[in-house]
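J.: Input work-v2.cif, format and content: mmCIF, C-alpha atoms.
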data_coords
#
loop_
_atom_site.label_atom_id
_atom_site.label_comp_id
_atom_site.auth_asym_id
_atom_site.auth_seq_id
_atom_site.Cartn_x
_atom_site.Cartn_y
_atom_site.Cartn_z
CA GLN A 162 107.62 148.74 146.25
CA VAL A 163 107.62 150.02 149.81
CA GLN A 164 106.06 148.26 152.76
CA LEU A 165 104.98 150.19 155.84
CA VAL A 166 104.01 148.49 159.09
CA GLU A 167 102.58 150.47 161.98
CA SER A 168 102.52 149.40 165.61
CA GLY A 169 101.96 150.85 169.05
CA GLY A 170 98.27 151.69 169.06
CA GLY A 171 95.92 150.81 171.86
CA LEU A 172 93.50 152.04 174.49
CA VAL A 173 94.63 154.89 176.72
CA GLN A 174 92.92 157.21 179.18
CA PRO A 175 92.61 160.93 178.50
CA GLY A 176 95.86 162.66 179.39
CA GLY A 177 97.87 159.52 178.69
CA SER A 178 100.60 158.83 176.16
CA LEU A 179 101.32 156.40 173.36
CA ARG A 180 104.18 156.00 170.91
CA LEU A 181 103.46 154.77 167.42
CA SER A 182 106.09 153.22 165.19
CA CYS A 183 106.18 152.75 161.43
CA ALA A 184 108.81 150.47 159.94
CA ALA A 185 109.59 150.89 156.25
CA SER A 186 111.10 148.23 154.03
CA GLY A 187 111.58 147.58 150.34
CA SER A 188 112.64 150.31 147.91
CA ILE A 189 113.29 152.92 150.55
CA ALA A 190 116.32 154.68 149.09
CA SER A 191 114.16 157.36 147.42
CA ILE A 192 112.01 158.09 150.46
CA ASN A 193 112.22 161.66 151.71
CA ILE A 194 109.09 162.67 153.59
CA MET A 195 107.26 160.33 155.92
CA ARG A 196 103.86 161.25 157.30
CA TRP A 197 101.32 160.18 159.86
CA TYR A 198 97.66 160.54 159.00
CA ARG A 199 94.59 159.64 161.02
CA GLN A 200 90.99 158.89 160.24
CA ALA A 201 88.22 158.98 162.80
CA PRO A 202 84.86 157.27 162.19
CA GLY A 203 82.75 159.30 159.78
CA LYS A 204 85.54 161.77 159.07
CA GLU A 205 88.04 162.28 156.30
CA ARG A 206 91.63 161.20 156.66
CA GLU A 207 93.75 164.10 157.91
CA LEU A 208 97.46 164.81 158.05
CA VAL A 209 98.80 164.72 161.59
CA ALA A 210 102.55 165.20 161.19
CA ALA A 211 105.34 164.93 158.64
CA ILE A 212 109.12 164.69 158.75
CA THR A 213 111.75 164.97 156.03
CA SER A 214 114.89 162.86 155.78
CA GLY A 215 116.76 165.88 157.13
CA GLY A 216 114.55 166.09 160.20
CA SER A 217 112.32 169.06 159.33
CA THR A 218 108.85 168.61 160.79
CA ASN A 219 105.36 170.04 160.57
CA TYR A 220 102.21 169.33 162.52
CA ALA A 221 98.48 169.79 162.35
CA ASP A 222 97.37 172.64 164.60
CA SER A 223 95.28 170.22 166.64
CA VAL A 224 98.34 168.26 167.81
CA LYS A 225 101.02 170.95 168.07
CA GLY A 226 102.71 170.87 171.45
CA ARG A 227 101.36 167.39 172.23
CA PHE A 228 102.68 165.14 169.46
CA THR A 229 106.26 164.71 168.28
CA ILE A 230 107.32 163.01 165.07
CA SER A 231 110.82 161.61 164.74
CA ARG A 232 112.68 159.15 162.56
CA ASP A 233 115.61 156.80 162.72
CA ASN A 234 117.02 156.71 159.21
CA ALA A 235 119.39 153.86 160.06
CA GLU A 236 116.43 151.73 161.16
CA ASN A 237 114.05 153.08 158.48
CA THR A 238 111.51 153.79 161.18
CA VAL A 239 109.38 156.82 161.95
CA TYR A 240 107.79 157.44 165.33
CA LEU A 241 104.88 159.47 166.64
CA GLN A 242 105.06 160.27 170.33
CA MET A 243 101.59 161.30 171.48
CA ASN A 244 101.19 162.99 174.86
CA SER A 245 98.24 164.58 176.63
CA LEU A 246 95.90 162.49 174.54
CA LYS A 247 92.28 163.59 174.18
CA PRO A 248 89.16 161.63 173.22
CA GLU A 249 89.13 163.50 169.91
CA ASP A 250 92.49 161.90 169.07
CA THR A 251 90.67 158.58 168.74
CA ALA A 252 91.25 157.32 165.19
CA VAL A 253 93.07 154.84 163.04
CA TYR A 254 96.57 156.18 162.48
CA TYR A 255 98.27 155.51 159.15
CA CYS A 256 101.86 155.84 158.04
CA HIS A 257 102.41 157.23 154.53
CA THR A 258 105.24 157.92 152.17
CA LYS A 259 105.98 158.38 148.49
CA SER A 260 108.61 156.63 146.44
CA TRP A 261 109.23 157.27 142.73
CA GLY A 262 105.90 159.10 142.55
CA ASN A 263 103.88 156.26 144.08
CA ASP A 264 101.92 156.54 147.31
CA TYR A 265 102.36 153.90 149.98
CA TRP A 266 100.22 153.39 153.06
CA GLY A 267 100.41 151.12 156.04
CA ARG A 268 97.36 149.21 157.24
CA GLY A 269 96.91 151.49 160.22
CA THR A 270 96.87 151.12 163.97
CA GLN A 271 93.89 151.94 166.17
CA VAL A 272 94.25 154.55 168.90
CA THR A 273 91.36 154.88 171.34
CA VAL A 274 91.35 157.54 174.04
CA SER A 275 88.65 156.85 176.57
CA SER A 276 88.08 156.62 180.29
#
Written as structure tokens, that's how I'd like the structure from this file.
T.:
Amino acid sequence: QVQLVESGGGLVQPGGSLRLSCAASGSIASINIMRWYRQAPGKERELVAAITSGGSTNYADSVKGRFTISRDNAENTVYLQMNSLKPEDTAVYYCHTKSWGNDYWGRGTQVTVSS
């Protein structure tokens, strides 16, 4: 079992920044890739960014150049630094990983970008 707990969401004005955190605990030894997804009202959940245990990253085109994913393997935590936020970034952001073939999700953290 793996537990994922997100934090750091909130209300921010357009152009602002937020940093999300996702702390992993439990059976984490087999975790390689950690991902951030988001789901806006009425839309499907979409992949935002991913990072491997070795630090390789990939991003959705919509966030490239604005968001940065990073991880602290010693602290079992993954981060999502979000800059130049836009109203269309408003969504619930979820942390995800796989361990021994099982999918694990956090409960999500709300990000609202509005003036």
J.: Applying 9 Å and only C-alpha atoms, which residues near Gly269 in chain A remain after dropping the ones on its own chain fewer than 2 positions away? List them as a VMD selection string.
T.: chain A and resid 166 to 168 170 199 253 to 256 266 to 267 271
J.: Considering only C-alpha atoms, state which residue in the set A:Ser245, A:Ser182, A:Thr218, A:Ser260 is at the smallest distance from Asp233 in chain A.
T.: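 Selected residue with least distance to Asp233 in chain A: A:Ser182.
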J.: What residues come out when you apply the PyMOL selection byres ((chain A and resi 173) around 7) to this file, written as a ChimeraX atom specification?
T.: /A:171-172,174-175,177,273-275
J.: Can you measure CA of Lys259 in chain A to CA of Leu246 in chain A for me? One decimal in Å is fine.
T.: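 Computing the Euclidean distance for CA of Lys259 in chain A and CA of Leu246 in chain A yields 28.2 Å.
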J.: May I ask which of the residues A:Asn234, A:Leu165, A:Gly262, A:Gln242 is the closest one to Thr213 in chain A, counting only C-alpha atoms?
T.: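 Of A:Asn234, A:Leu165, A:Gly262, A:Gln242, the one nearest Thr213 in chain A is A:Asn234, counting only C-alpha atoms.
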J.: Please indicate the distance in Å from CA of Tyr198 in chain A to CA of Ile230 in chain A, rounded to one decimal place.
T.: 11.7 Å
J.: Here's a test: counting all atoms listed in the file, identify every protein, DNA and RNA residue with an atom at most 12 Å from (84.4, 157.4, 164.6) in the file's coordinate frame, and state them as a ChimeraX atom specification.
T.: /A:199-206,248-253,271-274
J.: Measure the distance from CA of Gly226 in chain A to CA of Val209 in chain A in Å and round it to one decimal.
T.: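 Answer for the CA of Gly226 in chain A to CA of Val209 in chain A separation: 12.3 Å.
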J.: Once the PyMOL selection byres ((chain A and resi 232) around 10) is applied to the coordinates I shared, what remains selected? I want it as a PyMOL selection string.
T.: chain A and resi 182-184+195+212-216+230-231+233-241
J.: Would you mind putting back N, CA and C atoms on range 207-237 of chain A, then writing it out as a CSV table (one decimal), in the frame of the given file?
T.:
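This went into out.csv:
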chain,number,residue,atom,x,y,z
A,207,GLU,N,93.1,162.8,157.8
A,207,GLU,CA,93.8,164.1,157.9
A,207,GLU,C,95.2,163.9,158.2
A,208,LEU,N,96.0,164.8,157.8
A,208,LEU,CA,97.5,164.8,158.0
A,208,LEU,C,97.7,165.2,159.5
A,209,VAL,N,98.5,164.4,160.2
A,209,VAL,CA,98.8,164.7,161.6
A,209,VAL,C,100.2,165.3,161.7
A,210,ALA,N,101.2,164.7,161.1
A,210,ALA,CA,102.6,165.2,161.2
A,210,ALA,C,103.4,164.6,160.0
A,211,ALA,N,104.5,165.4,159.7
A,211,ALA,CA,105.3,164.9,158.6
A,211,ALA,C,106.8,165.2,159.0
A,212,ILE,N,107.7,164.5,158.5
A,212,ILE,CA,109.1,164.7,158.8
A,212,ILE,C,109.9,164.4,157.5
A,213,THR,N,110.9,165.2,157.2
A,213,THR,CA,111.8,165.0,156.0
A,213,THR,C,112.9,164.1,156.5
A,214,SER,N,113.7,163.7,155.5
A,214,SER,CA,114.9,162.9,155.8
A,214,SER,C,115.9,163.7,156.6
A,215,GLY,N,115.8,165.0,156.4
A,215,GLY,CA,116.8,165.9,157.1
A,215,GLY,C,116.3,166.3,158.5
A,216,GLY,N,115.1,165.9,158.8
A,216,GLY,CA,114.6,166.1,160.2
A,216,GLY,C,113.6,167.3,160.3
A,217,SER,N,113.3,168.0,159.2
A,217,SER,CA,112.3,169.1,159.3
A,217,SER,C,110.9,168.5,159.6
A,218,THR,N,110.2,169.1,160.4
A,218,THR,CA,108.8,168.6,160.8
A,218,THR,C,107.7,169.7,160.6
A,219,ASN,N,106.5,169.2,160.5
A,219,ASN,CA,105.4,170.0,160.6
A,219,ASN,C,104.2,169.2,161.1
A,220,TYR,N,103.3,170.0,161.8
A,220,TYR,CA,102.2,169.3,162.5
A,220,TYR,C,100.9,170.0,162.2
A,221,ALA,N,99.8,169.2,162.4
A,221,ALA,CA,98.5,169.8,162.4
A,221,ALA,C,98.3,170.7,163.6
A,222,ASP,N,97.6,171.7,163.5
A,222,ASP,CA,97.4,172.6,164.6
A,222,ASP,C,96.8,171.9,165.8
A,223,SER,N,96.0,170.9,165.5
A,223,SER,CA,95.3,170.2,166.6
A,223,SER,C,96.2,169.4,167.5
A,224,VAL,N,97.4,169.1,167.0
A,224,VAL,CA,98.3,168.3,167.8
A,224,VAL,C,99.6,169.0,168.2
A,225,LYS,N,99.8,170.2,167.7
A,225,LYS,CA,101.0,171.0,168.1
A,225,LYS,C,101.2,171.1,169.6
A,226,GLY,N,102.4,170.8,170.0
A,226,GLY,CA,102.7,170.9,171.4
A,226,GLY,C,102.4,169.6,172.2
A,227,ARG,N,101.7,168.6,171.6
A,227,ARG,CA,101.4,167.4,172.2
A,227,ARG,C,102.0,166.2,171.5
A,228,PHE,N,102.1,166.3,170.2
A,228,PHE,CA,102.7,165.1,169.5
A,228,PHE,C,104.1,165.5,168.9
A,229,THR,N,104.9,164.5,168.8
A,229,THR,CA,106.3,164.7,168.3
A,229,THR,C,106.6,163.6,167.3
A,230,ILE,N,106.9,164.0,166.1
A,230,ILE,CA,107.3,163.0,165.1
A,230,ILE,C,108.8,163.0,165.0
A,231,SER,N,109.4,161.8,164.9
A,231,SER,CA,110.8,161.6,164.7
A,231,SER,C,111.1,160.4,163.8
A,232,ARG,N,112.3,160.3,163.4
A,232,ARG,CA,112.7,159.2,162.6
A,232,ARG,C,114.1,158.7,162.8
A,233,ASP,N,114.3,157.4,162.6
A,233,ASP,CA,115.6,156.8,162.7
A,233,ASP,C,115.9,156.3,161.3
A,234,ASN,N,116.7,157.1,160.6
A,234,ASN,CA,117.0,156.7,159.2
A,234,ASN,C,117.8,155.4,159.1
A,235,ALA,N,118.6,155.1,160.1
A,235,ALA,CA,119.4,153.9,160.1
A,235,ALA,C,118.5,152.6,160.2
A,236,GLU,N,117.4,152.8,161.0
A,236,GLU,CA,116.4,151.7,161.2
A,236,GLU,C,115.2,151.8,160.2
A,237,ASN,N,115.2,152.9,159.4
A,237,ASN,CA,114.0,153.1,158.5
A,237,ASN,C,112.7,153.1,159.2
